[in-house]
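Text of the file work.pdb, holding PDB, C-alpha atoms, pLDDT in the B column:
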```pdb
ATOM      1  CA  ASP A  14      -2.734   7.232  23.365  1.00 67.00           C
ATOM      2  CA  GLN A  15      -4.682   6.501  20.219  1.00 61.00           C
ATOM      3  CA  PRO A  16      -2.712   6.512  16.954  1.00 57.00           C
ATOM      4  CA  ALA A  17      -3.518   9.050  14.257  1.00 60.00           C
ATOM      5  CA  GLY A  18      -6.433   7.823  12.197  1.00 60.00           C
ATOM      6  CA  LEU A  19      -6.923   5.124  14.845  1.00 50.00           C
ATOM      7  CA  ARG A  20      -4.454   2.921  12.943  1.00 61.00           C
ATOM      8  CA  ARG A  21      -0.741   2.437  13.546  1.00 66.00           C
ATOM      9  CA  ALA A  22      -0.411   1.626   9.845  1.00 68.00           C
ATOM     10  CA  TYR A  23      -1.694   5.115   8.992  1.00 75.00           C
ATOM     11  CA  GLU A  24       0.958   6.644  11.228  1.00 80.00           C
ATOM     12  CA  MET A  25       3.614   4.525   9.537  1.00 79.00           C
ATOM     13  CA  SER A  26       2.529   5.514   6.022  1.00 86.00           C
ATOM     14  CA  TYR A  27       1.782   9.178   6.771  1.00 88.00           C
ATOM     15  CA  ALA A  28       5.077  10.343   5.225  1.00 92.00           C
ATOM     16  CA  LEU A  29       3.939   9.022   1.827  1.00 95.00           C
ATOM     17  CA  TYR A  30       0.860  11.202   1.526  1.00 94.00           C
ATOM     18  CA  ALA A  31       2.683  14.469   0.763  1.00 96.00           C
ATOM     19  CA  PRO A  32       4.651  12.964  -2.153  1.00 97.00           C
ATOM     20  CA  LEU A  33       1.461  11.257  -3.359  1.00 97.00           C
ATOM     21  CA  ALA A  34      -0.441  14.556  -3.170  1.00 96.00           C
ATOM     22  CA  ASP A  35       2.313  16.238  -5.222  1.00 97.00           C
ATOM     23  CA  ALA A  36       2.293  13.431  -7.779  1.00 96.00           C
ATOM     24  CA  CYS A  37      -1.506  13.519  -8.031  1.00 96.00           C
ATOM     25  CA  ALA A  38      -1.464  17.287  -8.518  1.00 96.00           C
ATOM     26  CA  GLU A  39       1.018  16.831 -11.365  1.00 96.00           C
ATOM     27  CA  GLN A  40      -0.585  13.752 -12.913  1.00 95.00           C
ATOM     28  CA  PRO A  41      -3.943  12.661 -11.460  1.00 95.00           C
ATOM     29  CA  GLY A  42      -4.974   9.055 -11.730  1.00 95.00           C
ATOM     30  CA  LEU A  43      -6.154   6.002  -9.910  1.00 95.00           C
ATOM     31  CA  VAL A  44      -4.269   4.870  -6.804  1.00 96.00           C
ATOM     32  CA  ILE A  45      -4.288   1.185  -5.998  1.00 96.00           C
ATOM     33  CA  ALA A  46      -4.028   0.951  -2.233  1.00 95.00           C
ATOM     34  CA  GLY A  47      -5.369  -1.373   0.418  1.00 91.00           C
ATOM     35  CA  ASN A  48      -9.000  -0.691   1.289  1.00 87.00           C
ATOM     36  CA  ASN A  49      -7.887   0.558   4.726  1.00 84.00           C
ATOM     37  CA  ASP A  50      -5.873   3.257   2.949  1.00 88.00           C
ATOM     38  CA  GLY A  51      -8.626   4.419   0.596  1.00 83.00           C
ATOM     39  CA  HIS A  52      -9.975   7.187   2.813  1.00 84.00           C
ATOM     40  CA  PRO A  53      -6.530   8.624   3.698  1.00 88.00           C
ATOM     41  CA  VAL A  54      -5.576   8.676   0.009  1.00 88.00           C
ATOM     42  CA  ARG A  55      -8.759  10.605  -0.815  1.00 88.00           C
ATOM     43  CA  TYR A  56      -8.299  12.933   2.163  1.00 89.00           C
ATOM     44  CA  HIS A  57      -4.686  13.831   1.383  1.00 88.00           C
ATOM     45  CA  THR A  58      -4.763  13.856  -2.442  1.00 93.00           C
ATOM     46  CA  ASP A  59      -6.831  14.655  -5.500  1.00 91.00           C
ATOM     47  CA  CYS A  60      -6.436  11.114  -6.835  1.00 94.00           C
ATOM     48  CA  SER A  61      -9.146   8.496  -6.789  1.00 92.00           C
ATOM     49  CA  VAL A  62      -8.966   4.984  -5.341  1.00 92.00           C
ATOM     50  CA  LEU A  63     -10.436   1.719  -6.547  1.00 90.00           C
ATOM     51  CA  ALA A  64     -11.975   0.827  -3.172  1.00 84.00           C
ATOM     52  CA  ASN A  65     -12.141   1.776   0.469  1.00 78.00           C
ATOM     53  CA  ASN A  66     -14.014   0.566   3.540  1.00 80.00           C
ATOM     54  CA  PHE A  67     -17.219   2.456   2.768  1.00 78.00           C
ATOM     55  CA  VAL A  68     -19.198  -0.510   1.447  1.00 78.00           C
ATOM     56  CA  LEU A  69     -22.873   0.209   0.882  1.00 78.00           C
ATOM     57  CA  THR A  70     -23.753  -1.123  -2.549  1.00 84.00           C
ATOM     58  CA  PRO A  71     -23.057  -4.135  -4.757  1.00 85.00           C
ATOM     59  CA  GLN A  72     -20.751  -1.890  -6.810  1.00 88.00           C
ATOM     60  CA  HIS A  73     -18.650  -1.195  -3.692  1.00 81.00           C
ATOM     61  CA  GLU A  74     -18.471  -4.940  -3.026  1.00 91.00           C
ATOM     62  CA  ALA A  75     -17.413  -5.576  -6.626  1.00 91.00           C
ATOM     63  CA  LYS A  76     -14.653  -2.961  -6.371  1.00 91.00           C
ATOM     64  CA  LEU A  77     -13.372  -4.548  -3.148  1.00 91.00           C
ATOM     65  CA  ALA A  78     -13.313  -7.926  -4.895  1.00 93.00           C
ATOM     66  CA  GLN A  79     -11.477  -6.395  -7.865  1.00 96.00           C
ATOM     67  CA  LEU A  80      -8.946  -4.816  -5.501  1.00 95.00           C
ATOM     68  CA  GLY A  81      -8.398  -8.172  -3.821  1.00 95.00           C
ATOM     69  CA  GLU A  82      -7.860  -9.838  -7.167  1.00 97.00           C
ATOM     70  CA  LEU A  83      -5.433  -7.171  -8.402  1.00 97.00           C
ATOM     71  CA  THR A  84      -3.346  -7.157  -5.233  1.00 97.00           C
ATOM     72  CA  SER A  85      -3.110 -10.955  -5.247  1.00 97.00           C
ATOM     73  CA  MET A  86      -1.137 -10.787  -8.512  1.00 98.00           C
ATOM     74  CA  THR A  87       2.551 -10.637  -9.285  1.00 98.00           C
ATOM     75  CA  PRO A  88       3.810  -7.168 -10.242  1.00 97.00           C
ATOM     76  CA  GLU A  89       3.996  -8.227 -13.908  1.00 96.00           C
ATOM     77  CA  ALA A  90       0.440  -9.579 -13.959  1.00 97.00           C
ATOM     78  CA  PHE A  91      -0.795  -6.510 -12.085  1.00 97.00           C
ATOM     79  CA  LEU A  92       0.639  -4.168 -14.732  1.00 96.00           C
ATOM     80  CA  ALA A  93      -1.200  -6.080 -17.448  1.00 95.00           C
ATOM     81  CA  ALA A  94      -4.508  -6.156 -15.534  1.00 96.00           C
ATOM     82  CA  ALA A  95      -4.604  -2.767 -13.791  1.00 95.00           C
ATOM     83  CA  PRO A  96      -7.657  -0.660 -14.682  1.00 94.00           C
ATOM     84  CA  GLU A  97      -7.303   2.125 -17.215  1.00 93.00           C
ATOM     85  CA  GLY A  98      -5.976   5.286 -15.583  1.00 94.00           C
ATOM     86  CA  THR A  99      -4.056   3.508 -12.823  1.00 96.00           C
ATOM     87  CA  ARG A 100      -1.035   5.707 -12.069  1.00 97.00           C
ATOM     88  CA  TYR A 101       0.103   4.824  -8.545  1.00 97.00           C
ATOM     89  CA  VAL A 102       0.391   1.983  -6.081  1.00 97.00           C
ATOM     90  CA  LEU A 103       0.519   2.683  -2.353  1.00 96.00           C
ATOM     91  CA  SER A 104       1.586  -0.593  -0.800  1.00 95.00           C
ATOM     92  CA  GLN A 105       1.613  -1.151   2.899  1.00 93.00           C
ATOM     93  CA  ILE A 106       2.711  -4.167   4.902  1.00 91.00           C
ATOM     94  CA  GLU A 107       0.516  -4.635   7.943  1.00 87.00           C
ATOM     95  CA  GLY A 108       0.677  -6.956  10.922  1.00 85.00           C
ATOM     96  CA  LEU A 109       4.431  -6.837  11.462  1.00 82.00           C
ATOM     97  CA  TYR A 110       4.107  -6.496  15.177  1.00 79.00           C
ATOM     98  CA  VAL A 111       2.462  -8.715  17.728  1.00 81.00           C
ATOM     99  CA  PHE A 112       1.561  -7.708  21.274  1.00 79.00           C
ATOM    100  CA  GLN A 113       2.000 -10.411  23.910  1.00 79.00           C
ATOM    101  CA  GLY A 114       2.013 -10.004  27.638  1.00 82.00           C
ATOM    102  CA  GLY A 115       2.326  -6.236  27.423  1.00 81.00           C
ATOM    103  CA  ARG A 116       5.350  -6.487  25.124  1.00 83.00           C
ATOM    104  CA  ILE A 117       5.727  -5.785  21.459  1.00 79.00           C
ATOM    105  CA  GLY A 118       7.600  -8.125  19.157  1.00 78.00           C
ATOM    106  CA  LEU A 119       7.967  -8.947  15.498  1.00 79.00           C
ATOM    107  CA  ARG A 120       5.543 -11.420  13.975  1.00 84.00           C
ATOM    108  CA  ASP A 121       7.116 -14.286  12.038  1.00 84.00           C
ATOM    109  CA  ILE A 122       7.697 -13.466   8.376  1.00 84.00           C
ATOM    110  CA  ASP A 123       5.620 -16.379   7.055  1.00 89.00           C
ATOM    111  CA  THR A 124       2.550 -15.020   8.848  1.00 91.00           C
ATOM    112  CA  VAL A 125       3.262 -11.501   7.558  1.00 90.00           C
ATOM    113  CA  ARG A 126       3.475 -12.869   4.013  1.00 92.00           C
ATOM    114  CA  ARG A 127       0.222 -14.796   4.454  1.00 94.00           C
ATOM    115  CA  ILE A 128      -1.845 -11.880   5.802  1.00 93.00           C
ATOM    116  CA  ASN A 129      -0.704  -9.271   3.266  1.00 95.00           C
ATOM    117  CA  PRO A 130      -1.493  -8.990  -0.444  1.00 96.00           C
ATOM    118  CA  ALA A 131       0.984 -10.821  -2.655  1.00 97.00           C
ATOM    119  CA  LEU A 132       1.606  -7.687  -4.744  1.00 98.00           C
ATOM    120  CA  PHE A 133       2.587  -5.661  -1.688  1.00 96.00           C
ATOM    121  CA  ILE A 134       4.860  -8.435  -0.387  1.00 95.00           C
ATOM    122  CA  ALA A 135       6.571  -8.797  -3.784  1.00 97.00           C
ATOM    123  CA  LEU A 136       7.234  -5.058  -3.962  1.00 97.00           C
ATOM    124  CA  ALA A 137       8.511  -4.898  -0.372  1.00 94.00           C
ATOM    125  CA  GLU A 138      10.804  -7.896  -0.804  1.00 92.00           C
ATOM    126  CA  ALA A 139      12.219  -6.878  -4.185  1.00 94.00           C
ATOM    127  CA  THR A 140      15.990  -6.535  -4.055  1.00 90.00           C
ATOM    128  CA  ALA A 141      16.152  -4.597  -7.329  1.00 94.00           C
ATOM    129  CA  PRO A 142      13.812  -2.122  -9.027  1.00 95.00           C
ATOM    130  CA  VAL A 143      10.655  -3.818 -10.294  1.00 96.00           C
ATOM    131  CA  ALA A 144      10.038  -3.255 -14.002  1.00 95.00           C
ATOM    132  CA  GLY A 145       7.142  -0.874 -14.534  1.00 96.00           C
ATOM    133  CA  PHE A 146       7.156   0.422 -10.930  1.00 97.00           C
ATOM    134  CA  GLU A 147       9.080   3.606 -10.140  1.00 97.00           C
ATOM    135  CA  LEU A 148       9.686   3.987  -6.410  1.00 97.00           C
ATOM    136  CA  VAL A 149       8.709   7.524  -5.376  1.00 97.00           C
ATOM    137  CA  ALA A 150       8.990   7.243  -1.586  1.00 96.00           C
ATOM    138  CA  GLU A 151       9.057   4.655   1.151  1.00 94.00           C
ATOM    139  CA  VAL A 152       8.984   4.198   4.889  1.00 92.00           C
ATOM    140  CA  ARG A 153      11.324   1.637   6.447  1.00 88.00           C
ATOM    141  CA  VAL A 154      11.526   0.250   9.953  1.00 82.00           C
ATOM    142  CA  ASN A 155      14.696  -0.933  11.591  1.00 75.00           C
ATOM    143  CA  MET A 156      15.132  -4.692  11.667  1.00 67.00           C
ATOM    144  CA  PRO A 157      17.675  -6.657  13.687  1.00 67.00           C
ATOM    145  CA  GLY A 158      20.609  -7.583  11.483  1.00 68.00           C
ATOM    146  CA  ASP A 159      19.447  -5.563   8.467  1.00 68.00           C
ATOM    147  CA  PRO A 160      20.995  -2.080   8.197  1.00 68.00           C
ATOM    148  CA  ARG A 161      18.642  -1.144   5.320  1.00 73.00           C
ATOM    149  CA  GLY A 162      15.546  -1.879   7.363  1.00 75.00           C
ATOM    150  CA  LEU A 163      12.277  -3.269   6.115  1.00 80.00           C
ATOM    151  CA  PRO A 164      10.042  -1.267   3.759  1.00 87.00           C
ATOM    152  CA  VAL A 165       6.626  -1.151   5.414  1.00 89.00           C
ATOM    153  CA  ALA A 166       5.024   1.383   3.104  1.00 94.00           C
ATOM    154  CA  GLN A 167       5.961   2.274  -0.447  1.00 96.00           C
ATOM    155  CA  LEU A 168       4.645   4.642  -3.061  1.00 97.00           C
ATOM    156  CA  TYR A 169       5.135   3.730  -6.715  1.00 97.00           C
ATOM    157  CA  ARG A 170       4.422   5.570  -9.941  1.00 97.00           C
ATOM    158  CA  LEU A 171       3.537   3.135 -12.704  1.00 97.00           C
ATOM    159  CA  ASP A 172       5.245   3.192 -16.072  1.00 90.00           C
ATOM    160  CA  THR A 173       2.083   3.543 -18.128  1.00 70.00           C
ATOM    161  CA  ALA A 174       4.005   3.023 -21.372  1.00 59.00           C
ATOM    162  CA  ARG A 175       4.496  -0.622 -20.349  1.00 55.00           C
ATOM    163  CA  ARG A 176       0.741  -1.222 -20.207  1.00 51.00           C
TER     164      ARG A 176
END
```
I'd like the structure from this file rewritten - as structure tokens, please.
Amino acid sequence: DQPAGLRRAYEMSYALYAPLADACAEQPGLVIAGNNDGHPVRYHTDCSVLANNFVLTPQHEAKLAQLGELTSMTPEAFLAAAPEGTRYVLSQIEGLYVFQGGRIGLRDIDTVRRINPALFIALAEATAPVAGFELVAEVRVNMPGDPRGLPVAQLYRLDTARR
């Protein structure tokens, strides 16, 4: 069986698109999301994205580079540097699972931190609300020994007054 959108990460984050669509209908703006999530954001909502995987021109390449720079920041630095009109962040942690010998297991956390944008990791690992980021919805997966689970996808509304 192929996953929806041909990506397991899309299946995991699917529950966030309805609340994002509602938020975008109420207050449109720019969504900062990983480039793999750009097309689903545009498909499910009326909001725009900074970049996606449709790279044809130097401008597309520049937007991908800008996205990489923004998502490598701390949440505080991101708020100060986010482009005008940025209203939402859709963060997704990818690469949690590893397939070995026909079995699925959890990848070690250091590798997960290394392969995901620093902004997304900081938001997922926050133990208290992050100033300037209002959590709208999230998807968690069960983790051994952690009854809260691990947030693998989160939707935030930015406090634009802080910018």
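Rounded to one decimal, atom CA of A:Ala94 and atom CA of A:Leu80 lie 11.1 Å from each other.
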For A:Arg153, the closest of A:Ile122, A:Ala90, A:Leu29, A:Ala34 counting all atoms listed in the file is A:Leu29
I need the residue nearest A:Ser61 from this list: A:Met25, A:Leu168, A:Ala31, A:Val102. Use all atoms listed in the file for the distance. A:Val102
Running the PyMOL selection byres ((chain A and resi 154) around 8) on this model by hand, what would come out? Give it as a PyMOL selection string. chain A and resi 152-153+155-156+162-165
Written as JSON, numbers by chain, what is the full residue list that the PyMOL selection byres ((chain A and resi 133) around 8) yields on the file shown? {"A": [84, 104, 105, 106, 129, 130, 131, 132, 134, 135, 136, 137]}
Report as number ranges by chain all protein, DNA and RNA residues lying within 7 Å of A:Lys76, evaluated on all atoms listed in the file, omitting residues in the same chain fewer than 3 positions from it. A: 63-64, 72-73, 79-80
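Atom CA of A:Val68 to atom CA of A:Leu103 spans 20.3 Å [interatomic distance, one decimal].
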When you draw a straight line from atom CA of A:Ile117 to atom CA of A:Ala139, how long is it in Å? 26.5 Å
Within 10 Å of A:Gly98 using all atoms listed in the file, minus same-chain residues under 3 positions, as a PDB file with C-alpha atoms, keeping the file's coordinate frame:
```
ATOM      1  CA  PRO A  41      -3.943  12.661 -11.460  1.00 95.00           C
ATOM      2  CA  GLY A  42      -4.974   9.055 -11.730  1.00 95.00           C
ATOM      3  CA  LEU A  43      -6.154   6.002  -9.910  1.00 95.00           C
ATOM      4  CA  VAL A  44      -4.269   4.870  -6.804  1.00 96.00           C
ATOM      5  CA  SER A  61      -9.146   8.496  -6.789  1.00 92.00           C
ATOM      6  CA  ALA A  95      -4.604  -2.767 -13.791  1.00 95.00           C
ATOM      7  CA  TYR A 101       0.103   4.824  -8.545  1.00 97.00           C
ATOM      8  CA  THR A 173       2.083   3.543 -18.128  1.00 70.00           C
TER       9      THR A 173
END
```
Quick one: which residues end up in the PyMOL selection byres ((chain A and resi 92) around 10) for this structure, as a ChimeraX atom specification? /A:83,86-91,93-96,99,144-146,171-173,175-176
Long-range neighbours of A:Leu109 as a PDB file with C-alpha atoms, in the frame of the given file, 6 Å cut-off, only C-alpha atoms, 2 positions minimum in chain:
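Saved result, part07.pdb, follows:
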```
ATOM      1  CA  GLU A 107       0.516  -4.635   7.943  1.00 87.00           C
ATOM      2  CA  LEU A 119       7.967  -8.947  15.498  1.00 79.00           C
ATOM      3  CA  ARG A 120       5.543 -11.420  13.975  1.00 84.00           C
TER       4      ARG A 120
END
```
I'd like the neighbourhood of A:Pro53 as an NGL selection string, where a residue qualifies if any of its atoms comes within 9 Å (using only C-alpha atoms), though same-chain residues fewer than 2 positions away should be ignored. :A and (18 or 23 or 27 or 30 or 49-51 or 55-58)
Please provide as a compact mmCIF listing (two decimals) with C-alpha atoms, keeping the file's coordinate frame all residues within 8 Å of A:Val149, with the sequence filter that same-chain residues fewer than 6 positions apart are discarded (counting all atoms listed in the file).
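Below is the file out26.txt, written as the result:
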```
# COMPACT_ATOMS: atom_id res chain seq x y z
CA PRO A 32 4.65 12.96 -2.15
CA GLN A 167 5.96 2.27 -0.45
CA LEU A 168 4.64 4.64 -3.06
CA TYR A 169 5.14 3.73 -6.72
CA ARG A 170 4.42 5.57 -9.94
```
